[in-house]
file protein15.cif (mmCIF, C-alpha atoms)
data_input
loop_
_atom_site.label_atom_id
_atom_site.label_comp_id
_atom_site.auth_asym_id
_atom_site.auth_seq_id
_atom_site.Cartn_x
_atom_site.Cartn_y
_atom_site.Cartn_z
CA MET I 1 0.52 84.36 -112.93
CA ARG I 2 -2.99 84.47 -111.46
CA ILE I 3 -5.47 81.61 -111.85
CA SER I 4 -7.38 83.59 -114.50
CA GLN I 5 -4.26 83.91 -116.67
CA LEU I 6 -3.36 80.26 -116.09
CA SER I 7 -6.87 79.26 -117.13
CA GLU I 8 -6.70 81.41 -120.26
CA GLN I 9 -3.31 80.12 -121.36
CA ALA I 10 -4.32 76.50 -120.80
CA GLY I 11 -7.59 77.02 -122.65
CA LEU I 12 -9.63 75.72 -119.73
CA PRO I 13 -12.42 77.37 -117.68
CA VAL I 14 -11.35 78.67 -114.25
CA GLY I 15 -13.84 76.26 -112.68
CA THR I 16 -12.06 73.33 -114.29
CA VAL I 17 -8.67 74.54 -113.05
CA LYS I 18 -10.13 74.87 -109.53
CA PHE I 19 -11.55 71.36 -109.80
CA TYR I 20 -8.11 70.00 -110.74
CA LEU I 21 -6.62 71.86 -107.74
CA ARG I 22 -9.24 70.39 -105.36
CA THR I 23 -8.82 66.85 -106.66
CA GLY I 24 -5.03 66.94 -106.59
CA LEU I 25 -4.44 66.70 -110.34
CA LEU I 26 -2.87 70.17 -110.28
CA GLN I 27 -0.26 71.07 -107.63
CA PRO I 28 -1.17 74.11 -105.44
CA GLY I 29 0.20 77.55 -106.33
CA VAL I 30 2.22 79.78 -104.01
CA VAL I 31 -0.18 81.57 -101.66
CA VAL I 32 0.29 85.35 -101.93
CA SER I 33 -2.76 86.53 -99.99
CA ALA I 34 -5.84 85.13 -98.26
CA THR I 35 -7.65 84.87 -101.59
CA GLN I 36 -4.87 84.60 -104.17
CA ALA I 37 -2.18 82.20 -105.26
CA GLU I 38 0.51 82.53 -107.89
CA TYR I 39 1.09 79.94 -110.61
CA ASP I 40 3.99 79.37 -113.02
CA GLU I 41 5.03 77.52 -116.17
CA ALA I 42 5.10 74.18 -114.33
CA HIS I 43 1.37 74.56 -113.59
CA LEU I 44 0.68 75.41 -117.21
CA ALA I 45 2.68 72.40 -118.45
CA ARG I 46 0.77 70.12 -116.10
CA LEU I 47 -2.60 71.46 -117.25
CA ARG I 48 -1.61 70.88 -120.88
CA LEU I 49 -0.63 67.30 -120.06
CA ILE I 50 -3.89 66.66 -118.18
CA ARG I 51 -5.86 68.04 -121.13
CA ALA I 52 -3.99 65.91 -123.68
CA LEU I 53 -4.43 62.72 -121.63
CA LEU I 54 -8.10 63.46 -121.04
CA GLU I 55 -9.20 64.70 -124.45
CA VAL I 56 -7.00 62.68 -126.78
CA GLY I 57 -5.97 59.75 -124.57
CA HIS I 58 -9.42 59.32 -122.96
CA LEU I 59 -7.82 58.49 -119.64
CA SER I 60 -10.01 58.76 -116.54
CA HIS I 61 -9.18 61.15 -113.70
CA ALA I 62 -7.91 58.19 -111.63
CA GLU I 63 -5.61 57.08 -114.45
CA ILE I 64 -4.28 60.61 -114.96
CA LEU I 65 -3.61 60.85 -111.23
CA LYS I 66 -1.48 57.69 -111.45
CA VAL I 67 0.47 59.12 -114.39
CA LEU I 68 1.09 62.35 -112.47
CA GLU I 69 2.20 60.38 -109.39
CA ALA I 70 4.64 58.54 -111.65
CA LEU I 71 6.01 61.88 -112.85
CA ASP I 72 6.60 62.93 -109.24
CA LEU I 73 8.19 59.55 -108.49
CA SER I 74 10.61 59.66 -111.41
CA GLY I 75 13.32 61.59 -109.54
CA SER I 76 13.66 58.93 -106.85
CA ASP I 77 12.63 55.70 -108.64
CA LEU I 78 12.71 55.99 -112.41
CA PRO I 79 12.16 52.27 -113.23
CA GLY I 80 9.21 52.18 -110.81
CA ALA I 81 7.78 55.35 -112.32
CA LEU I 82 8.05 53.97 -115.86
CA GLN I 83 6.39 50.72 -114.78
CA GLN I 84 3.56 52.68 -113.15
CA VAL I 85 2.95 54.67 -116.35
CA HIS I 86 2.89 51.50 -118.41
CA ARG I 87 0.43 49.82 -116.07
CA SER I 88 -1.83 52.80 -115.44
CA THR I 89 -2.71 53.15 -119.12
CA ALA I 90 -3.95 49.53 -119.24
CA GLY I 91 -7.21 48.07 -118.05
CA ARG I 92 -9.41 51.00 -118.99
CA HIS I 93 -12.32 48.58 -118.88
CA PRO I 94 -14.98 47.92 -116.25
CA GLU I 95 -14.19 44.94 -114.04
CA GLY I 96 -16.09 41.78 -114.81
CA ALA I 97 -17.02 42.72 -118.37
CA LEU I 98 -16.77 39.87 -120.89
CA ASP I 99 -15.34 37.76 -118.07
CA GLY I 100 -16.83 34.53 -119.29
CA ALA I 101 -14.87 34.81 -122.50
CA LEU I 102 -11.56 35.91 -120.99
CA ASP I 103 -8.58 33.68 -121.57
CA PRO I 104 -5.30 35.48 -120.81
CA ALA I 105 -3.49 32.12 -120.89
CA ALA I 106 -4.44 31.68 -124.55
CA ALA I 107 -3.28 35.23 -125.21
CA ALA I 108 0.01 34.46 -123.44
CA SER I 109 0.47 31.40 -125.63
CA LEU I 110 -0.19 33.48 -128.72
CA VAL I 111 2.35 36.09 -127.66
CA SER I 112 4.94 33.44 -126.93
CA ASP I 113 4.32 31.96 -130.43
CA LEU I 114 5.43 35.36 -131.71
CA GLY I 115 8.70 34.92 -129.86
CA TRP I 116 7.87 37.71 -127.43
CA GLN I 117 8.87 37.63 -123.78
CA VAL I 118 6.30 39.39 -121.60
CA ASP I 119 5.23 39.12 -117.97
CA GLY I 120 2.50 36.52 -117.49
CA ASP I 121 0.61 39.05 -115.38
CA SER I 122 0.77 41.88 -117.91
CA PRO I 123 -2.56 43.72 -118.02
CA TYR I 124 -2.17 43.87 -121.81
CA LEU I 125 -2.52 40.09 -122.04
CA VAL I 126 -5.98 40.61 -120.55
CA GLU I 127 -6.65 43.42 -123.05
CA LEU I 128 -5.58 41.17 -125.92
CA ALA I 129 -7.69 38.28 -124.62
CA ARG I 130 -10.70 40.60 -124.33
CA ALA I 131 -10.34 41.83 -127.90
CA VAL I 132 -9.91 38.30 -129.26
CA ALA I 133 -12.93 37.12 -127.23
CA ALA I 134 -15.01 39.99 -128.62
CA LEU I 135 -14.10 38.97 -132.17
CA GLU I 136 -14.98 35.35 -131.39
CA SER I 137 -18.31 36.41 -129.88
CA VAL I 138 -19.39 38.02 -133.16
CA GLY I 139 -18.34 34.95 -135.16
CA LEU I 140 -15.09 36.43 -136.48
CA ALA I 141 -12.40 34.52 -134.59
CA PRO I 142 -9.01 35.89 -135.66
CA SER I 143 -6.68 33.70 -137.69
CA ARG I 144 -3.08 33.26 -136.56
CA GLU I 145 -1.96 34.79 -139.86
CA ARG I 146 -3.93 37.97 -139.31
CA LEU I 147 -2.74 38.26 -135.71
CA ARG I 148 0.81 37.90 -137.00
CA VAL I 149 0.35 40.79 -139.43
CA TYR I 150 -0.90 42.95 -136.56
CA ALA I 151 1.97 41.79 -134.35
CA GLU I 152 4.47 42.81 -137.06
CA SER I 153 3.00 46.30 -137.19
CA ALA I 154 3.00 46.53 -133.39
CA ALA I 155 6.63 45.41 -133.19
CA HIS I 156 7.62 47.94 -135.85
CA VAL I 157 6.36 50.94 -133.83
CA ALA I 158 7.42 49.44 -130.49
CA ARG I 159 11.06 49.27 -131.57
CA HIS I 160 10.97 53.00 -132.21
CA ASP I 161 8.95 53.75 -129.06
CA VAL I 162 11.45 52.01 -126.82
CA ALA I 163 14.40 53.68 -128.54
CA TRP I 164 12.64 57.05 -128.15
CA VAL I 165 12.13 56.60 -124.41
CA ARG I 166 15.73 55.37 -123.97
CA SER I 167 17.19 58.37 -125.80
CA ALA I 168 15.24 60.87 -123.67
CA ALA I 169 16.93 62.59 -120.71
CA ASP I 170 16.09 60.90 -117.38
CA ASP I 171 13.95 63.88 -116.35
CA ASP I 172 11.83 63.51 -119.49
CA LYS I 173 11.55 59.72 -119.65
CA VAL I 174 8.22 59.43 -117.81
CA LEU I 175 6.60 62.14 -119.94
CA VAL I 176 7.98 60.65 -123.16
CA SER I 177 6.81 57.19 -122.11
CA THR I 178 3.33 58.49 -121.30
CA ALA I 179 3.09 60.30 -124.63
CA SER I 180 4.27 57.19 -126.39
CA ALA I 181 1.71 54.93 -124.71
CA VAL I 182 -1.29 57.26 -124.84
CA LEU I 183 -0.91 59.99 -127.45
CA TRP I 184 0.96 58.01 -130.09
CA GLU I 185 -1.74 55.35 -129.79
CA ALA I 186 -4.19 58.01 -131.01
CA VAL I 187 -1.80 58.87 -133.86
CA LEU I 188 -1.59 55.21 -134.86
CA ASN I 189 -5.35 54.68 -134.78
CA ALA I 190 -6.00 57.76 -136.93
CA LEU I 191 -3.28 56.79 -139.41
CA ARG I 192 -4.68 53.28 -139.64
CA GLN I 193 -8.10 54.58 -140.66
CA LEU I 194 -6.55 57.01 -143.13
CA ALA I 195 -4.45 54.18 -144.59
CA ASN I 196 -7.69 52.23 -144.97
CA GLU I 197 -9.27 55.13 -146.88
CA HIS I 198 -6.21 55.33 -149.10
CA GLN I 199 -6.23 51.58 -149.77
CA GLU I 200 -9.92 51.64 -150.64
CA ALA I 201 -9.42 54.53 -153.08
CA ARG I 202 -6.37 52.89 -154.62
CA GLN I 203 -8.04 49.53 -155.12
CA ASP I 204 -11.06 51.22 -156.66
CA SER I 205 -8.82 53.01 -159.14
CA GLY I 206 -6.89 49.87 -160.02
CA VAL I 207 -3.51 51.33 -158.98
CA PRO I 208 -1.24 48.64 -157.46
CA ALA I 209 -0.86 48.53 -153.68
CA PRO I 210 2.10 50.45 -152.23
CA ARG I 211 5.08 48.49 -150.94
CA MET I 212 5.76 48.15 -147.22
CA PRO I 213 9.20 49.67 -146.57
CA ALA I 214 11.72 47.29 -144.99
CA PRO I 215 12.75 48.23 -141.42
CA MET Z 1 -36.50 31.86 -126.73
CA ARG Z 2 -37.82 34.00 -123.90
CA ILE Z 3 -36.12 37.22 -122.81
CA SER Z 4 -34.70 35.49 -119.72
CA GLN Z 5 -32.96 32.87 -121.88
CA LEU Z 6 -31.76 35.52 -124.32
CA SER Z 7 -30.35 37.51 -121.42
CA GLU Z 8 -28.60 34.46 -119.99
CA GLN Z 9 -27.04 33.41 -123.29
CA ALA Z 10 -25.83 36.94 -124.02
CA GLY Z 11 -24.42 37.30 -120.51
CA LEU Z 12 -26.39 40.48 -119.87
CA PRO Z 13 -28.95 41.35 -117.18
CA VAL Z 14 -32.60 41.27 -118.33
CA GLY Z 15 -32.85 44.97 -117.47
CA THR Z 16 -30.05 45.75 -119.91
CA VAL Z 17 -31.73 43.74 -122.68
CA LYS Z 18 -34.99 45.61 -122.01
CA PHE Z 19 -33.11 48.91 -122.15
CA TYR Z 20 -31.66 47.96 -125.56
CA LEU Z 21 -35.18 47.07 -126.76
CA ARG Z 22 -36.57 50.42 -125.56
CA THR Z 23 -33.76 52.46 -127.13
CA GLY Z 24 -33.90 50.64 -130.46
CA LEU Z 25 -30.47 48.98 -130.27
CA LEU Z 26 -32.17 45.57 -130.22
CA GLN Z 27 -34.91 44.75 -132.71
CA PRO Z 28 -38.29 43.72 -131.13
CA GLY Z 29 -39.13 40.03 -130.71
CA VAL Z 30 -42.23 38.31 -132.08
CA VAL Z 31 -45.13 39.02 -129.70
CA VAL Z 32 -46.68 35.73 -128.50
CA SER Z 33 -48.92 37.07 -125.72
CA ALA Z 34 -49.79 40.31 -123.97
CA THR Z 35 -46.71 39.98 -121.76
CA GLN Z 36 -44.32 37.83 -123.76
CA ALA Z 37 -42.24 37.98 -126.90
CA GLU Z 38 -40.09 35.36 -128.56
CA TYR Z 39 -36.46 35.96 -129.57
CA ASP Z 40 -34.10 34.04 -131.84
CA GLU Z 41 -30.45 33.67 -132.85
CA ALA Z 42 -30.50 37.01 -134.71
CA HIS Z 43 -31.30 38.78 -131.43
CA LEU Z 44 -28.51 36.93 -129.68
CA ALA Z 45 -26.03 37.81 -132.43
CA ARG Z 46 -27.00 41.47 -132.20
CA LEU Z 47 -26.61 41.53 -128.41
CA ARG Z 48 -23.15 40.00 -128.75
CA LEU Z 49 -22.19 42.66 -131.27
CA ILE Z 50 -23.52 45.47 -129.06
CA ARG Z 51 -21.56 44.09 -126.14
CA ALA Z 52 -18.32 43.82 -128.12
CA LEU Z 53 -18.64 47.36 -129.49
CA LEU Z 54 -19.48 48.75 -126.08
CA GLU Z 55 -17.05 46.88 -123.85
CA VAL Z 56 -14.05 46.45 -126.13
CA GLY Z 57 -14.63 49.16 -128.73
CA HIS Z 58 -15.83 51.78 -126.21
CA LEU Z 59 -18.39 53.07 -128.69
CA SER Z 60 -21.23 55.18 -127.32
CA HIS Z 61 -24.87 54.12 -127.67
CA ALA Z 62 -25.31 56.70 -130.46
CA GLU Z 63 -22.32 55.29 -132.35
CA ILE Z 64 -23.54 51.72 -131.94
CA LEU Z 65 -26.95 52.76 -133.25
CA LYS Z 66 -25.28 54.13 -136.39
CA VAL Z 67 -23.36 50.89 -136.90
CA LEU Z 68 -26.59 48.88 -136.50
CA GLU Z 69 -28.37 51.17 -138.97
CA ALA Z 70 -25.53 50.53 -141.40
CA LEU Z 71 -26.05 46.78 -140.96
CA ASP Z 72 -29.74 47.21 -141.82
CA LEU Z 73 -28.82 49.40 -144.79
CA SER Z 74 -26.31 46.96 -146.25
CA GLY Z 75 -28.87 44.98 -148.25
CA SER Z 76 -29.99 48.01 -150.25
CA ASP Z 77 -26.89 50.25 -150.29
CA LEU Z 78 -23.68 48.42 -149.42
CA PRO Z 79 -21.22 51.22 -150.32
CA GLY Z 80 -23.30 53.70 -148.27
CA ALA Z 81 -23.44 51.26 -145.36
CA LEU Z 82 -19.66 50.72 -145.40
CA GLN Z 83 -19.10 54.49 -145.53
CA GLN Z 84 -21.43 54.95 -142.57
CA VAL Z 85 -19.55 52.37 -140.50
CA HIS Z 86 -16.23 54.00 -141.33
CA ARG Z 87 -17.50 57.45 -140.36
CA SER Z 88 -19.45 56.44 -137.25
CA THR Z 89 -16.36 55.06 -135.53
CA ALA Z 90 -14.54 58.42 -135.92
CA GLY Z 91 -14.87 61.58 -133.89
CA ARG Z 92 -15.44 59.94 -130.54
CA HIS Z 93 -14.38 63.23 -128.99
CA PRO Z 94 -16.37 66.10 -127.49
CA GLU Z 95 -16.93 68.94 -129.93
CA GLY Z 96 -14.78 71.99 -129.41
CA ALA Z 97 -12.07 70.26 -127.43
CA LEU Z 98 -8.51 71.30 -128.30
CA ASP Z 99 -10.01 73.46 -131.02
CA GLY Z 100 -7.37 76.17 -130.79
CA ALA Z 101 -4.69 73.66 -131.71
CA LEU Z 102 -6.57 71.85 -134.48
CA ASP Z 103 -5.04 71.95 -137.91
CA PRO Z 104 -6.56 69.34 -140.22
CA ALA Z 105 -4.93 71.06 -143.22
CA ALA Z 106 -1.48 70.32 -141.76
CA ALA Z 107 -2.57 66.73 -141.16
CA ALA Z 108 -3.78 66.53 -144.77
CA SER Z 109 -0.40 67.79 -145.99
CA LEU Z 110 1.34 65.19 -143.85
CA VAL Z 111 -0.83 62.41 -145.25
CA SER Z 112 -0.24 63.56 -148.79
CA ASP Z 113 3.55 63.53 -148.10
CA LEU Z 114 3.07 59.83 -147.38
CA GLY Z 115 1.63 59.43 -150.86
CA TRP Z 116 -1.81 58.65 -149.50
CA GLN Z 117 -5.02 59.79 -151.19
CA VAL Z 118 -7.75 60.52 -148.67
CA ASP Z 119 -10.83 62.74 -148.64
CA GLY Z 120 -10.03 66.25 -147.42
CA ASP Z 121 -13.08 66.04 -145.14
CA SER Z 122 -12.15 62.70 -143.58
CA PRO Z 123 -12.91 62.79 -139.83
CA TYR Z 124 -9.65 60.89 -139.30
CA LEU Z 125 -7.66 63.92 -140.50
CA VAL Z 126 -9.21 65.75 -137.55
CA GLU Z 127 -8.31 62.84 -135.26
CA LEU Z 128 -4.73 62.90 -136.50
CA ALA Z 129 -4.51 66.68 -136.13
CA ARG Z 130 -5.84 66.41 -132.57
CA ALA Z 131 -3.28 63.78 -131.59
CA VAL Z 132 -0.42 65.77 -133.15
CA ALA Z 133 -1.66 68.95 -131.42
CA ALA Z 134 -1.76 67.11 -128.08
CA LEU Z 135 1.86 66.00 -128.55
CA GLU Z 136 2.88 69.56 -129.44
CA SER Z 137 1.04 70.93 -126.39
CA VAL Z 138 3.19 68.82 -124.05
CA GLY Z 139 6.38 69.88 -125.83
CA LEU Z 140 6.86 66.65 -127.79
CA ALA Z 141 6.06 67.67 -131.36
CA PRO Z 142 6.35 64.57 -133.56
CA SER Z 143 9.17 64.35 -136.08
CA ARG Z 144 8.36 63.47 -139.70
CA GLU Z 145 10.55 60.37 -139.33
CA ARG Z 146 8.58 59.05 -136.38
CA LEU Z 147 5.27 59.76 -138.10
CA ARG Z 148 6.56 57.84 -141.10
CA VAL Z 149 7.35 54.79 -138.96
CA TYR Z 150 3.81 54.90 -137.59
CA ALA Z 151 2.40 55.35 -141.08
CA GLU Z 152 4.30 52.28 -142.27
CA SER Z 153 2.78 50.20 -139.49
CA ALA Z 154 -0.67 51.60 -140.23
CA ALA Z 155 -0.34 50.84 -143.94
CA HIS Z 156 0.80 47.30 -143.19
CA VAL Z 157 -2.37 46.39 -141.28
CA ALA Z 158 -4.62 48.47 -143.56
CA ARG Z 159 -3.61 46.44 -146.61
CA HIS Z 160 -4.78 43.31 -144.83
CA ASP Z 161 -7.91 44.98 -143.43
CA VAL Z 162 -9.09 46.10 -146.85
CA ALA Z 163 -8.38 42.69 -148.38
CA TRP Z 164 -10.28 41.06 -145.51
CA VAL Z 165 -13.37 43.19 -146.05
CA ARG Z 166 -13.19 42.65 -149.85
CA SER Z 167 -12.99 38.88 -149.49
CA ALA Z 168 -16.04 38.72 -147.19
CA ALA Z 169 -19.47 37.84 -148.61
CA ASP Z 170 -21.61 40.93 -149.29
CA ASP Z 171 -23.92 40.03 -146.39
CA ASP Z 172 -20.96 40.00 -144.00
CA LYS Z 173 -19.04 43.03 -145.28
CA VAL Z 174 -20.51 45.58 -142.84
CA LEU Z 175 -19.90 43.34 -139.83
CA VAL Z 176 -16.37 42.52 -140.98
CA SER Z 177 -15.66 46.19 -141.62
CA THR Z 178 -16.97 47.15 -138.17
CA ALA Z 179 -14.88 44.46 -136.49
CA SER Z 180 -11.87 45.59 -138.45
CA ALA Z 181 -12.28 49.25 -137.48
CA VAL Z 182 -13.25 48.80 -133.85
CA LEU Z 183 -12.23 45.40 -132.47
CA TRP Z 184 -8.97 44.97 -134.37
CA GLU Z 185 -7.98 48.43 -133.16
CA ALA Z 186 -8.15 47.01 -129.63
CA VAL Z 187 -6.04 44.03 -130.76
CA LEU Z 188 -3.43 46.37 -132.24
CA ASN Z 189 -3.25 48.58 -129.17
CA ALA Z 190 -2.79 45.58 -126.84
CA LEU Z 191 -0.16 44.03 -129.11
CA ARG Z 192 1.69 47.34 -129.29
CA GLN Z 193 2.00 47.50 -125.50
CA LEU Z 194 3.04 43.86 -125.33
CA ALA Z 195 5.64 44.46 -128.05
CA ASN Z 196 6.91 47.35 -125.90
CA GLU Z 197 7.24 45.04 -122.89
CA HIS Z 198 9.09 42.54 -125.03
CA GLN Z 199 11.44 45.18 -126.43
CA GLU Z 200 12.18 46.50 -122.96
CA ALA Z 201 13.00 43.01 -121.66
CA ARG Z 202 15.12 42.24 -124.71
CA GLN Z 203 17.16 45.43 -124.51
CA ASP Z 204 17.71 44.90 -120.80
CA SER Z 205 19.08 41.41 -121.48
CA GLY Z 206 21.33 42.60 -124.30
CA VAL Z 207 19.71 40.29 -126.89
CA PRO Z 208 19.61 41.93 -130.35
CA ALA Z 209 16.30 43.41 -131.54
CA PRO Z 210 14.10 41.12 -133.67
CA ARG Z 211 13.90 41.80 -137.37
CA MET Z 212 10.77 43.28 -138.95
CA PRO Z 213 9.49 40.77 -141.54
CA ALA Z 214 9.26 42.14 -145.07
CA PRO Z 215 5.71 42.52 -146.42
#

call {"tool": "encode", "arguments": {"input": "protein15.cif", "output": "C-alpha cells"}}
result
Amino acid sequence: MRISQLSEQAGLPVGTVKFYLRTGLLQPGVVVSATQAEYDEAHLARLRLIRALLEVGHLSHAEILKVLEALDLSGSDLPGALQQVHRSTAGRHPEGALDGALDPAAAASLVSDLGWQVDGDSPYLVELARAVAALESVGLAPSRERLRVYAESAAHVARHDVAWVRSAADDDKVLVSTASAVLWEAVLNALRQLANEHQEARQDSGVPAPRMPAP
Amino acid sequence: MRISQLSEQAGLPVGTVKFYLRTGLLQPGVVVSATQAEYDEAHLARLRLIRALLEVGHLSHAEILKVLEALDLSGSDLPGALQQVHRSTAGRHPEGALDGALDPAAAASLVSDLGWQVDGDSPYLVELARAVAALESVGLAPSRERLRVYAESAAHVARHDVAWVRSAADDDKVLVSTASAVLWEAVLNALRQLANEHQEARQDSGVPAPRMPAP
C-alpha cells in the first residue's frame, strides 16, 4: 500500500508516518519509483505498536526505539531481547531527580524481606526507592504492612504475566512481554482507580466489602 | 526563612521556586521588604509535594494545580476536594488520541461484570477502554480471565487505600488520597516489575511459585 493508505489505516497523519521513517522507528518500505515506496501489513503492525506504546504507555521515542530493537533482536537472541524490553521500560525519570532521597539498598532489603530474589542492579529497585522517598518527603512514610499488601497484589499479576509470556510462541514473546510491561500496567492503574470508586460507593452504602478471591 | 534557604531545603534551584511562585503552585511568602519575603514550613511542605507529584507521579503543572486547589478546598468542602483529587489524576492523555478505538461502554460492561459499581462517566472507564483498545490494536486482545486477575489485584490494594484515607484525620485526607492515587501507583508499578523479575528467576531455577496470601 502507499504511504497515504498506511497513514489512514494506522490513524496517523502522513507527516507523523514520515517522521517515524526518518527517525528509524518505522522500517523503510520497498522503493517502487523515485518518489514512491510500498508498505505492507508489517509496517501497519509496527505503527499500531508505536502508537500504543506512545499514547497509552507514555514511552519516549528513545524507549520505543529500544523496544523495537529488541523485537528485531528476538530471532537471534531471545533472552537478550526480553531483558532489553524489561530494562527499557524502566527509569522513565530524569537523571538526578530526588537523588538526595534515593536509597536502592533499602528498597533491596525490603524486597528481600518479601522473599523475592531480584538483581541488586535492577532499575526497578531505584523506581521503588524513588516512590518510597517521595512518600517520606510528604510525611507519609509507608508502613511495612501496607507495602506487603501492595507486594501481594503485584505478585498476583506477575505470576500470570510470566506464565503469559512463557506460553507465547517464541516469535511473539517480545511483543507479549512489552504489552505485559507497558499496556497491562495501564490496565492495572485504571482498574485500581475504578476499584477505589467502587469501594467508596460500597462503604457509603453500608454494603460489606467484597472478598478477595484466593489464587 | 529566605527563598535561598527554602530552595536549599527543598532541593530545588531558586529559579524553579520563583517559577512556582509566579505560576501559583506555591503560595506567596510574607513580604518583609521591597525585595524580600519570608517563607515557612508550610511552603517547604508544599514544595516537597509538588516535587513528588512531578518527579514520581509525572503529573503536569495543570494537574498539580488542581490537586493544590483541592487541598485548599478541603477545609470547606471535603467530599468535593476528594472528588477533585480523584478526577485530576485521571485523563493524563492528549484529547482525541486513539479515539477510533475508544469504547467506554464496553469498559463499563466489563466493570459491572466484576460486580463493581462505578459512575458511568468515570474518567477511569475511558482510561481502561484506551488500554484495552491499545492491546487489541497490537493483536493481543485481553481475555476476561486475565482482566479478572488484574481486577482482583486492583481490588486488593483498593480496599486498603480506601481504609487508609478513611482513617486519616480530616485535615490530612486530601494529601493521603493524593499520595494513594499518585505515589502508591508508582510503588505498585515498581513492585510489579520486581515481582516479574522474581518470578522469572524462580521459574528458571525450578523452585515452585510462591503462594498468594489470602486477604

call {"tool": "residues_near_point", "arguments": {"input": "protein15.cif", "point": "(16.6, 52.3, -129.8)", "cutoff": "12 Å", "atoms": "all atoms listed in the file", "output": "ChimeraX atom specification"}}
result
/I:156-168 /Z:196,199-200,202-204,208-209

call {"tool": "write_last_selection", "arguments": {"input": "protein15.cif", "atoms": "C-alpha atoms", "output": "compact mmCIF listing (two decimals), in the coordinates of the input"}}
result
# COMPACT_ATOMS: atom_id res chain seq x y z
CA HIS I 156 7.62 47.94 -135.85
CA VAL I 157 6.36 50.94 -133.83
CA ALA I 158 7.42 49.44 -130.49
CA ARG I 159 11.06 49.27 -131.57
CA HIS I 160 10.97 53.00 -132.21
CA ASP I 161 8.95 53.75 -129.06
CA VAL I 162 11.45 52.01 -126.82
CA ALA I 163 14.40 53.68 -128.54
CA TRP I 164 12.64 57.05 -128.15
CA VAL I 165 12.13 56.60 -124.41
CA ARG I 166 15.73 55.37 -123.97
CA SER I 167 17.19 58.37 -125.80
CA ALA I 168 15.24 60.87 -123.67
CA ASN Z 196 6.91 47.35 -125.90
CA GLN Z 199 11.44 45.18 -126.43
CA GLU Z 200 12.18 46.50 -122.96
CA ARG Z 202 15.12 42.24 -124.71
CA GLN Z 203 17.16 45.43 -124.51
CA ASP Z 204 17.71 44.90 -120.80
CA PRO Z 208 19.61 41.93 -130.35
CA ALA Z 209 16.30 43.41 -131.54

call {"tool": "resolve_selection", "arguments": {"input": "protein15.cif", "expression": "the PyMOL selection byres ((chain Z) within 6 of (chain I))", "output": "JSON, numbers by chain"}}
result
{"Z": [49, 52, 116, 117, 118, 124, 127, 128, 131, 134, 138, 153, 154, 155, 158, 186, 187, 190, 191, 192, 195, 196, 197, 198, 212, 214, 215]}

call {"tool": "resolve_selection", "arguments": {"input": "protein15.cif", "expression": "the PyMOL selection byres ((chain I and resi 16) around 12)", "output": "list in words"}}
result
Ile3, Ser4, Leu6, Ser7, Glu8, Ala10, Gly11, Leu12, Pro13, Val14, Gly15, Val17, Lys18, Phe19, Tyr20, Leu21, Arg22, Thr23, Leu25, Leu26, Leu47, Ile50 and Arg51 of chain I

call {"tool": "atom_distance", "arguments": {"input": "protein15.cif", "atom1": "atom CA of I:Asp72", "atom2": "atom CA of I:Leu54"}}
result
18.9 Å

call {"tool": "resolve_selection", "arguments": {"input": "protein15.cif", "expression": "the PyMOL selection byres ((chain I and resi 37) around 12)", "output": "PDB file with C-alpha atoms, in the frame of the given file"}}
result
ATOM      1  CA  MET I   1       0.520  84.360-112.930  1.00  0.00           C
ATOM      2  CA  ARG I   2      -2.990  84.470-111.460  1.00  0.00           C
ATOM      3  CA  ILE I   3      -5.470  81.610-111.850  1.00  0.00           C
ATOM      4  CA  SER I   4      -7.380  83.590-114.500  1.00  0.00           C
ATOM      5  CA  GLN I   5      -4.260  83.910-116.670  1.00  0.00           C
ATOM      6  CA  LEU I   6      -3.360  80.260-116.090  1.00  0.00           C
ATOM      7  CA  LYS I  18     -10.130  74.870-109.530  1.00  0.00           C
ATOM      8  CA  LEU I  21      -6.620  71.860-107.740  1.00  0.00           C
ATOM      9  CA  GLN I  27      -0.260  71.070-107.630  1.00  0.00           C
ATOM     10  CA  PRO I  28      -1.170  74.110-105.440  1.00  0.00           C
ATOM     11  CA  GLY I  29       0.200  77.550-106.330  1.00  0.00           C
ATOM     12  CA  VAL I  30       2.220  79.780-104.010  1.00  0.00           C
ATOM     13  CA  VAL I  31      -0.180  81.570-101.660  1.00  0.00           C
ATOM     14  CA  VAL I  32       0.290  85.350-101.930  1.00  0.00           C
ATOM     15  CA  SER I  33      -2.760  86.530 -99.990  1.00  0.00           C
ATOM     16  CA  ALA I  34      -5.840  85.130 -98.260  1.00  0.00           C
ATOM     17  CA  THR I  35      -7.650  84.870-101.590  1.00  0.00           C
ATOM     18  CA  GLN I  36      -4.870  84.600-104.170  1.00  0.00           C
ATOM     19  CA  GLU I  38       0.510  82.530-107.890  1.00  0.00           C
ATOM     20  CA  TYR I  39       1.090  79.940-110.610  1.00  0.00           C
ATOM     21  CA  ASP I  40       3.990  79.370-113.020  1.00  0.00           C
ATOM     22  CA  HIS I  43       1.370  74.560-113.590  1.00  0.00           C
TER      23      HIS I  43
END
